[in-house]
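Have a look at my_file25.txt below; it lists compact mmCIF, C-alpha atoms and all ligand atoms.
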```txt
# COMPACT_ATOMS: atom_id res chain seq x y z
CA MET A 1 -13.93 57.11 82.45
CA TYR A 2 -12.42 59.61 84.86
CA LYS A 3 -11.76 60.27 88.49
CA ILE A 4 -11.88 63.60 90.31
CA ASN A 5 -8.98 63.89 92.77
CA ARG A 6 -8.94 66.43 95.59
CA ILE A 7 -5.94 67.76 97.52
CA ASP A 8 -7.35 70.45 99.83
CA ASP A 9 -9.35 72.66 97.44
CA PHE A 10 -7.22 71.74 94.40
CA GLU A 11 -9.08 69.35 92.11
CA PHE A 12 -7.69 67.49 89.13
CA ILE A 13 -8.85 64.75 86.80
CA SER A 14 -7.13 61.41 86.38
CA PHE A 15 -8.04 58.35 84.32
CA PRO A 16 -8.47 54.79 85.66
CA ILE A 17 -6.65 53.40 82.60
CA LEU A 18 -3.46 55.21 83.75
CA ASP A 19 -4.02 55.26 87.52
CA GLU A 20 -2.69 51.73 87.92
CA TYR A 21 0.87 52.87 87.08
CA SER A 22 2.55 54.11 90.24
CA ASN A 23 5.52 55.53 88.30
CA LEU A 24 3.26 58.06 86.54
CA VAL A 25 2.67 61.52 87.96
CA TYR A 26 -0.04 63.17 85.91
CA GLY A 27 -3.33 65.01 85.85
CA PHE A 28 -5.65 67.37 84.05
CA THR A 29 -6.36 70.47 86.12
CA THR A 30 -9.82 71.95 86.72
CA ARG A 31 -10.91 75.47 87.73
CA LYS A 32 -10.65 74.49 91.40
CA GLY A 33 -7.93 75.38 93.86
CA GLY A 34 -6.39 78.58 92.45
CA VAL A 35 -6.44 82.28 93.29
CA SER A 36 -7.82 83.92 90.13
CA LYS A 37 -11.15 85.75 90.04
CA GLY A 38 -14.17 86.20 87.78
CA ASN A 39 -13.96 84.51 84.38
CA TYR A 40 -10.53 83.22 85.36
CA ALA A 41 -11.65 81.73 88.70
CA THR A 42 -9.80 80.10 90.08
CA MET A 43 -7.03 77.82 88.74
CA ASN A 44 -6.04 79.67 85.56
CA ILE A 45 -2.74 78.36 84.19
CA GLY A 46 -2.62 80.57 81.08
CA PHE A 47 -0.41 83.64 80.82
CA GLY A 48 -1.74 86.03 78.19
CA THR A 49 -5.38 85.16 78.86
CA GLY A 50 -6.15 88.62 80.29
CA ASP A 51 -5.75 87.49 83.89
CA SER A 52 -3.18 89.06 86.24
CA GLU A 53 0.28 87.58 85.79
CA GLU A 54 0.74 87.42 89.53
CA ASN A 55 -2.35 85.25 89.93
CA VAL A 56 -1.32 82.94 87.09
CA SER A 57 2.17 82.61 88.59
CA ASN A 58 0.64 81.70 91.94
CA ASN A 59 -1.69 79.18 90.30
CA TYR A 60 1.21 77.64 88.41
CA ARG A 61 3.17 77.24 91.63
CA ILE A 62 0.18 75.77 93.51
CA MET A 63 -0.54 73.33 90.66
CA ALA A 64 3.06 72.09 90.53
CA GLU A 65 3.22 71.71 94.29
CA LYS A 66 -0.07 69.78 94.54
CA LEU A 67 0.84 67.46 91.67
CA ASN A 68 4.33 67.01 93.12
CA ILE A 69 6.11 68.21 89.98
CA LYS A 70 9.02 70.66 90.02
CA ILE A 71 8.41 73.71 87.82
CA GLU A 72 11.97 73.42 86.47
CA ASP A 73 11.21 69.88 85.21
CA ILE A 74 8.35 71.07 82.98
CA VAL A 75 8.48 71.22 79.18
CA GLU A 76 5.56 73.09 77.65
CA THR A 77 4.07 72.90 74.18
CA ASP A 78 3.95 75.87 71.82
CA GLN A 79 0.40 75.21 70.72
CA LYS A 80 -0.87 76.41 67.37
CA HIS A 81 -3.53 73.77 66.54
CA THR A 82 -1.06 71.82 64.42
CA ASN A 83 -0.40 68.09 64.27
CA ASN A 84 3.31 68.58 65.02
CA ILE A 85 4.80 66.50 67.77
CA ARG A 86 8.29 66.63 69.29
CA TYR A 87 10.48 64.14 71.12
CA VAL A 88 11.95 66.02 74.08
CA THR A 89 14.84 65.44 76.46
CA GLU A 90 16.23 67.21 79.52
CA LYS A 91 17.71 70.01 77.43
CA TYR A 92 14.21 71.30 76.74
CA LYS A 93 13.43 71.79 80.41
CA GLY A 94 12.34 75.34 81.17
CA ARG A 95 13.89 76.90 78.09
CA ALA A 96 11.66 75.41 75.44
CA MET A 97 9.76 78.60 74.78
CA MET A 98 12.97 80.56 74.18
CA ASP A 99 14.23 78.16 71.51
CA PRO A 100 13.55 79.66 68.05
CA GLU A 101 13.38 76.15 66.59
CA TYR A 102 10.79 75.14 69.11
CA THR A 103 7.58 76.53 67.64
CA GLU A 104 4.20 75.13 66.64
CA ILE A 105 4.47 72.00 68.75
CA ASP A 106 1.11 70.59 69.86
CA GLY A 107 2.34 67.26 71.16
CA LEU A 108 5.32 66.10 73.22
CA TYR A 109 6.73 62.69 74.02
CA THR A 110 9.69 61.35 75.90
CA ASP A 111 11.25 58.26 77.45
CA ARG A 112 13.10 60.31 80.09
CA LYS A 113 12.22 60.22 83.75
CA ASN A 114 11.54 63.37 85.77
CA LEU A 115 10.63 65.30 82.64
CA ALA A 116 7.09 66.69 82.86
CA LEU A 117 5.20 67.28 79.62
CA MET A 118 2.59 70.05 79.71
CA THR A 119 -0.24 71.23 77.47
CA PHE A 120 -2.91 73.96 77.80
CA HIS A 121 -6.65 73.58 77.34
CA ALA A 122 -10.03 75.30 77.28
CA ASP A 123 -12.33 72.99 75.22
CA CYS A 124 -9.58 71.19 73.28
CA SER A 125 -8.73 67.64 74.29
CA GLY A 126 -5.63 66.65 76.16
CA VAL A 127 -4.74 63.14 75.03
CA PHE A 128 -2.46 61.29 77.45
CA PHE A 129 -0.30 58.41 76.19
CA TYR A 130 1.73 55.78 78.00
CA ASP A 131 3.60 52.70 76.86
CA PRO A 132 4.16 50.70 80.07
CA VAL A 133 6.44 48.20 78.30
CA GLN A 134 8.91 50.63 76.74
CA LYS A 135 8.27 53.37 79.33
CA ILE A 136 7.36 56.22 77.00
CA ILE A 137 4.92 59.03 77.80
CA GLY A 138 3.19 61.47 75.46
CA LEU A 139 0.72 64.32 75.67
CA ALA A 140 -1.15 65.93 72.80
CA HIS A 141 -3.31 69.02 72.46
CA ALA A 142 -6.09 68.02 70.09
CA GLY A 143 -8.73 70.59 69.25
CA TRP A 144 -10.90 70.05 66.21
CA ARG A 145 -8.05 71.05 63.90
CA GLY A 146 -5.63 68.67 65.59
CA THR A 147 -8.33 66.00 65.37
CA VAL A 148 -8.90 66.50 61.63
CA THR A 149 -5.15 66.53 60.96
CA ASN A 150 -4.72 63.47 63.22
CA ILE A 151 -2.21 64.51 65.85
CA VAL A 152 -2.99 61.34 67.83
CA GLY A 153 -1.94 59.22 64.85
CA ALA A 154 1.28 61.22 64.63
CA MET A 155 1.89 60.51 68.33
CA VAL A 156 1.44 56.75 67.93
CA ARG A 157 3.84 56.78 64.96
CA GLY A 158 6.31 58.76 67.07
CA PHE A 159 6.15 56.12 69.80
CA VAL A 160 6.61 53.34 67.24
CA LYS A 161 9.59 55.11 65.70
CA LEU A 162 11.13 55.29 69.15
CA ARG A 163 10.48 51.55 69.84
CA SER A 164 6.83 50.99 70.88
CA ASN A 165 4.53 48.25 69.79
CA PRO A 166 1.19 50.08 69.23
CA THR A 167 -0.73 47.27 70.94
CA HIS A 168 1.01 48.18 74.19
CA ILE A 169 0.17 51.90 74.14
CA LYS A 170 -2.54 53.18 76.48
CA ALA A 171 -4.35 56.46 75.90
CA ALA A 172 -6.85 58.63 77.76
CA ILE A 173 -8.84 61.38 76.08
CA GLY A 174 -9.37 64.16 78.61
CA PRO A 175 -12.16 66.67 79.25
CA SER A 176 -13.05 68.72 76.17
CA LEU A 177 -16.05 69.68 74.01
CA GLY A 178 -18.42 66.76 73.64
CA GLN A 179 -20.57 66.05 70.61
CA CYS A 180 -23.32 67.88 72.53
CA CYS A 181 -21.41 71.17 72.22
CA PHE A 182 -19.05 70.84 69.25
CA GLU A 183 -21.26 72.53 66.68
CA VAL A 184 -20.00 73.59 63.26
CA ASP A 185 -21.27 75.03 59.97
CA GLU A 186 -21.14 73.60 56.46
CA ASP A 187 -17.52 74.67 55.77
CA VAL A 188 -16.01 72.80 58.74
CA LYS A 189 -18.32 69.83 58.14
CA GLU A 190 -16.94 69.62 54.57
CA LEU A 191 -13.39 69.74 55.89
CA PHE A 192 -14.09 66.74 58.12
CA LEU A 193 -15.79 64.70 55.41
CA GLN A 194 -13.14 65.52 52.80
CA THR A 195 -10.49 64.32 55.25
CA ASN A 196 -12.25 61.00 55.78
CA ILE A 197 -15.77 60.13 54.65
CA LYS A 198 -15.87 57.69 57.56
CA PHE A 199 -16.17 60.69 59.91
CA LYS A 200 -19.80 60.94 58.77
CA GLU A 201 -20.50 58.09 61.19
CA PHE A 202 -19.44 60.39 64.01
CA MET A 203 -21.69 63.27 62.92
CA VAL A 204 -25.26 64.27 63.70
CA THR A 205 -27.23 67.10 62.11
CA ARG A 206 -29.19 69.55 64.23
CA GLY A 207 -31.09 72.06 62.11
CA GLU A 208 -28.48 73.95 60.08
CA LYS A 209 -25.62 72.80 62.29
CA TYR A 210 -23.43 69.73 62.44
CA HIS A 211 -22.10 68.02 65.55
CA PHE A 212 -19.03 65.78 65.39
CA ASP A 213 -17.90 63.42 68.14
CA LEU A 214 -14.23 64.40 68.40
CA TRP A 215 -13.61 61.84 71.13
CA GLU A 216 -14.67 58.97 68.88
CA ILE A 217 -12.78 60.38 65.89
CA ASN A 218 -9.59 60.50 67.94
CA LYS A 219 -10.23 56.96 69.12
CA TYR A 220 -10.83 55.84 65.53
CA ASN A 221 -7.55 57.47 64.48
CA MET A 222 -5.67 55.62 67.21
CA LEU A 223 -7.25 52.28 66.34
CA LYS A 224 -6.17 52.83 62.74
CA GLU A 225 -2.55 53.01 63.97
CA GLY A 226 -2.84 49.59 65.58
CA MET A 227 -3.82 50.48 69.14
CA LYS A 228 -6.27 48.22 70.91
CA GLU A 229 -9.81 49.24 71.76
CA GLU A 230 -9.44 48.31 75.44
CA ASN A 231 -6.36 50.53 75.69
CA ILE A 232 -8.21 53.72 74.77
CA SER A 233 -10.34 55.50 77.34
CA ILE A 234 -12.63 58.49 76.77
CA SER A 235 -13.18 60.60 79.89
CA GLY A 236 -16.63 61.65 78.65
CA LEU A 237 -16.46 65.04 80.35
CA CYS A 238 -17.69 67.98 78.24
CA THR A 239 -16.00 71.25 79.25
CA LYS A 240 -18.89 73.47 78.11
CA CYS A 241 -21.55 71.40 79.89
CA ASN A 242 -19.40 71.47 83.05
CA ASN A 243 -18.34 75.11 83.04
CA ASP A 244 -18.32 75.20 86.85
CA LEU A 245 -15.52 72.63 86.85
CA PHE A 246 -13.72 73.57 83.61
CA PHE A 247 -12.88 76.67 81.60
CA SER A 248 -14.71 76.62 78.28
CA HIS A 249 -13.73 78.81 75.33
CA ARG A 250 -17.15 78.43 73.76
CA GLY A 251 -19.05 78.51 77.02
CA GLN A 252 -17.35 81.75 78.14
CA LYS A 253 -17.27 83.42 74.71
CA GLY A 254 -13.47 83.49 74.64
CA VAL A 255 -12.97 85.18 78.03
CA ARG A 256 -11.62 82.27 80.05
CA GLY A 257 -8.60 80.82 81.76
CA LEU A 258 -6.67 77.73 80.73
CA MET A 259 -6.36 74.32 82.28
CA ALA A 260 -3.24 72.19 82.07
CA GLY A 261 -2.48 68.62 81.18
CA LEU A 262 0.69 67.26 82.81
CA ILE A 263 2.42 63.90 82.74
CA MET A 264 5.78 62.71 84.07
CA MET A 265 7.51 59.40 84.81
CA LYS A 266 9.22 59.00 88.15
ZN ZN A 301 -21.52 69.65 76.10
```

Could the structure of this file be written out as structure tokens, please?
Ligand SMILES: [Zn+2]
Amino acid sequence: MYKINRIDDFEFISFPILDEYSNLVYGFTTRKGGVSKGNYATMNIGFGTGDSEENVSNNYRIMAEKLNIKIEDIVETDQKHTNNIRYVTEKYKGRAMMDPEYTEIDGLYTDRKNLALMTFHADCSGVFFYDPVQKIIGLAHAGWRGTVTNIVGAMVRGFVKLRSNPTHIKAAIGPSLGQCCFEVDEDVKELFLQTNIKFKEFMVTRGEKYHFDLWEINKYNMLKEGMKEENISISGLCTKCNNDLFFSHRGQKGVRGLMAGLIMMK
């Protein structure tokens, strides 16, 4: 389940399961509403993607303004396809990337207000978490590696360690490669099945290739941590099938921009 929100020509995705909470400011950006051109058109949030830095800076500013988030309140991940998560506070604002101890962090969570968590995406899932009882937010970058190594499970355990009851946690799995387009060879298939033979239920074979449903695997991993089925929502949007709306690493053969996931409590 998802909703496309439009503010002028800026478009972002939200999720009905989280939209009911008026204290949340959040969204998953699309390609719409920025100034970049060509393969990066138009809302590219990624520095170092090959796009002009000026355009990315402008996009970043537009995105923050439209979502009503101050750039100085943002804490970004340092994504390396790990299952590492980090509890962050105000001291991480803006300077996270300069901290030598702050590396290889694919998921962030906090109970602080006015602290915006941010991840980057082009086919990998952004998984948004919220505990409305204890007021804790989390955001994970879960590509296939983060899915196999269960970053969403790590996030739920992080919330519980802080003080959550897992039955209260809500989660939304954002736009990313669907089973239609997540195609792998024998080696990756083996990695999945060695991790958990149960993942075979989320796999189909097409000729020599294997297709896993990463959305359902992430959901399964969250259920295993004690979350409730009705508290987990899958957006169902495949980034490669919807390349006009989203950047897709596979769909654009690596030459693409990045979208952002953002979440903050007011
Ligand atoms: Zn697809």

* Please write out the residues within 7 Å of ligand ZN 301 (chain A) as a VMD selection string, counting all atoms listed in the file. => chain A and resid 177 to 181 238 to 241

Spatial neighbours of segment 65-82 of chain A, 8 Å, all atoms listed in the file, chain gap at least 5 places, as a PDB file with C-alpha atoms, keeping the file's coordinate frame:
```pdb
ATOM      1  CA  ILE A   7      -5.940  67.760  97.520  1.00  0.00           C
ATOM      2  CA  PHE A  10      -7.220  71.740  94.400  1.00  0.00           C
ATOM      3  CA  VAL A  25       2.670  61.520  87.960  1.00  0.00           C
ATOM      4  CA  TYR A  26      -0.040  63.170  85.910  1.00  0.00           C
ATOM      5  CA  GLY A  27      -3.330  65.010  85.850  1.00  0.00           C
ATOM      6  CA  TYR A  92      14.210  71.300  76.740  1.00  0.00           C
ATOM      7  CA  LYS A  93      13.430  71.790  80.410  1.00  0.00           C
ATOM      8  CA  GLY A  94      12.340  75.340  81.170  1.00  0.00           C
ATOM      9  CA  ARG A  95      13.890  76.900  78.090  1.00  0.00           C
ATOM     10  CA  ALA A  96      11.660  75.410  75.440  1.00  0.00           C
ATOM     11  CA  MET A  97       9.760  78.600  74.780  1.00  0.00           C
ATOM     12  CA  TYR A 102      10.790  75.140  69.110  1.00  0.00           C
ATOM     13  CA  THR A 103       7.580  76.530  67.640  1.00  0.00           C
ATOM     14  CA  GLU A 104       4.200  75.130  66.640  1.00  0.00           C
ATOM     15  CA  ILE A 105       4.470  72.000  68.750  1.00  0.00           C
ATOM     16  CA  ASP A 106       1.110  70.590  69.860  1.00  0.00           C
ATOM     17  CA  GLY A 107       2.340  67.260  71.160  1.00  0.00           C
ATOM     18  CA  LEU A 108       5.320  66.100  73.220  1.00  0.00           C
ATOM     19  CA  ASN A 114      11.540  63.370  85.770  1.00  0.00           C
ATOM     20  CA  LEU A 115      10.630  65.300  82.640  1.00  0.00           C
ATOM     21  CA  ALA A 116       7.090  66.690  82.860  1.00  0.00           C
ATOM     22  CA  LEU A 117       5.200  67.280  79.620  1.00  0.00           C
ATOM     23  CA  MET A 118       2.590  70.050  79.710  1.00  0.00           C
ATOM     24  CA  THR A 119      -0.240  71.230  77.470  1.00  0.00           C
ATOM     25  CA  PHE A 120      -2.910  73.960  77.800  1.00  0.00           C
ATOM     26  CA  HIS A 141      -3.310  69.020  72.460  1.00  0.00           C
ATOM     27  CA  ALA A 142      -6.090  68.020  70.090  1.00  0.00           C
ATOM     28  CA  GLY A 143      -8.730  70.590  69.250  1.00  0.00           C
ATOM     29  CA  ARG A 145      -8.050  71.050  63.900  1.00  0.00           C
ATOM     30  CA  GLY A 146      -5.630  68.670  65.590  1.00  0.00           C
ATOM     31  CA  THR A 149      -5.150  66.530  60.960  1.00  0.00           C
ATOM     32  CA  ILE A 151      -2.210  64.510  65.850  1.00  0.00           C
TER      33      ILE A 151
END
```

* To do: Could you give me, as a list in words, the residues within 7 Å of Trp215 of chain A, counting all atoms listed in the file and dropping anything in the same chain fewer than 2 positions from it?
  => Ile173, Asp213, Ile217, Asn218, Lys219 and Ile234 of chain A

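Shortest separation to Thr167 of chain A among A:Gly153, A:Gly46, A:Gly226, A:Gly207 occurs at residue A:Gly226, atoms counted being only C-alpha atoms.
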
* Asked: Taking all atoms listed in the file into account, which of A:Met264, A:Glu11, A:Ile17, A:Val148 comes nearest Thr195 of chain A?
  ->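 Ranked by minimum distance to Thr195 of chain A, first place goes to A:Val148.
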
* **Interatomic distance, atom CA of Gly236 of chain A to atom CA of Ser36 of chain A (Å, one decimal)** =>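 Between atom CA of Gly236 of chain A and atom CA of Ser36 of chain A the gap is 26.6 Å.
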
* 7 Å contact set for Phe212 of chain A, all atoms listed in the file, chain neighbours under 5 positions out, as a list in words ->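 So, after excluding close chain neighbours, the residues are Gln179, Phe182, Phe202, Met203 and Val204 of chain A.
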
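Residue nearest Thr42 of chain A within the list A:His211, A:Gln194, A:Phe247, A:Lys253: A:Phe247 [criterion: smallest interatomic distance, only C-alpha atoms].
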
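Atom CA of Thr89 of chain A to atom CA of Lys113 of chain A spans 9.3 Å [interatomic distance, one decimal].
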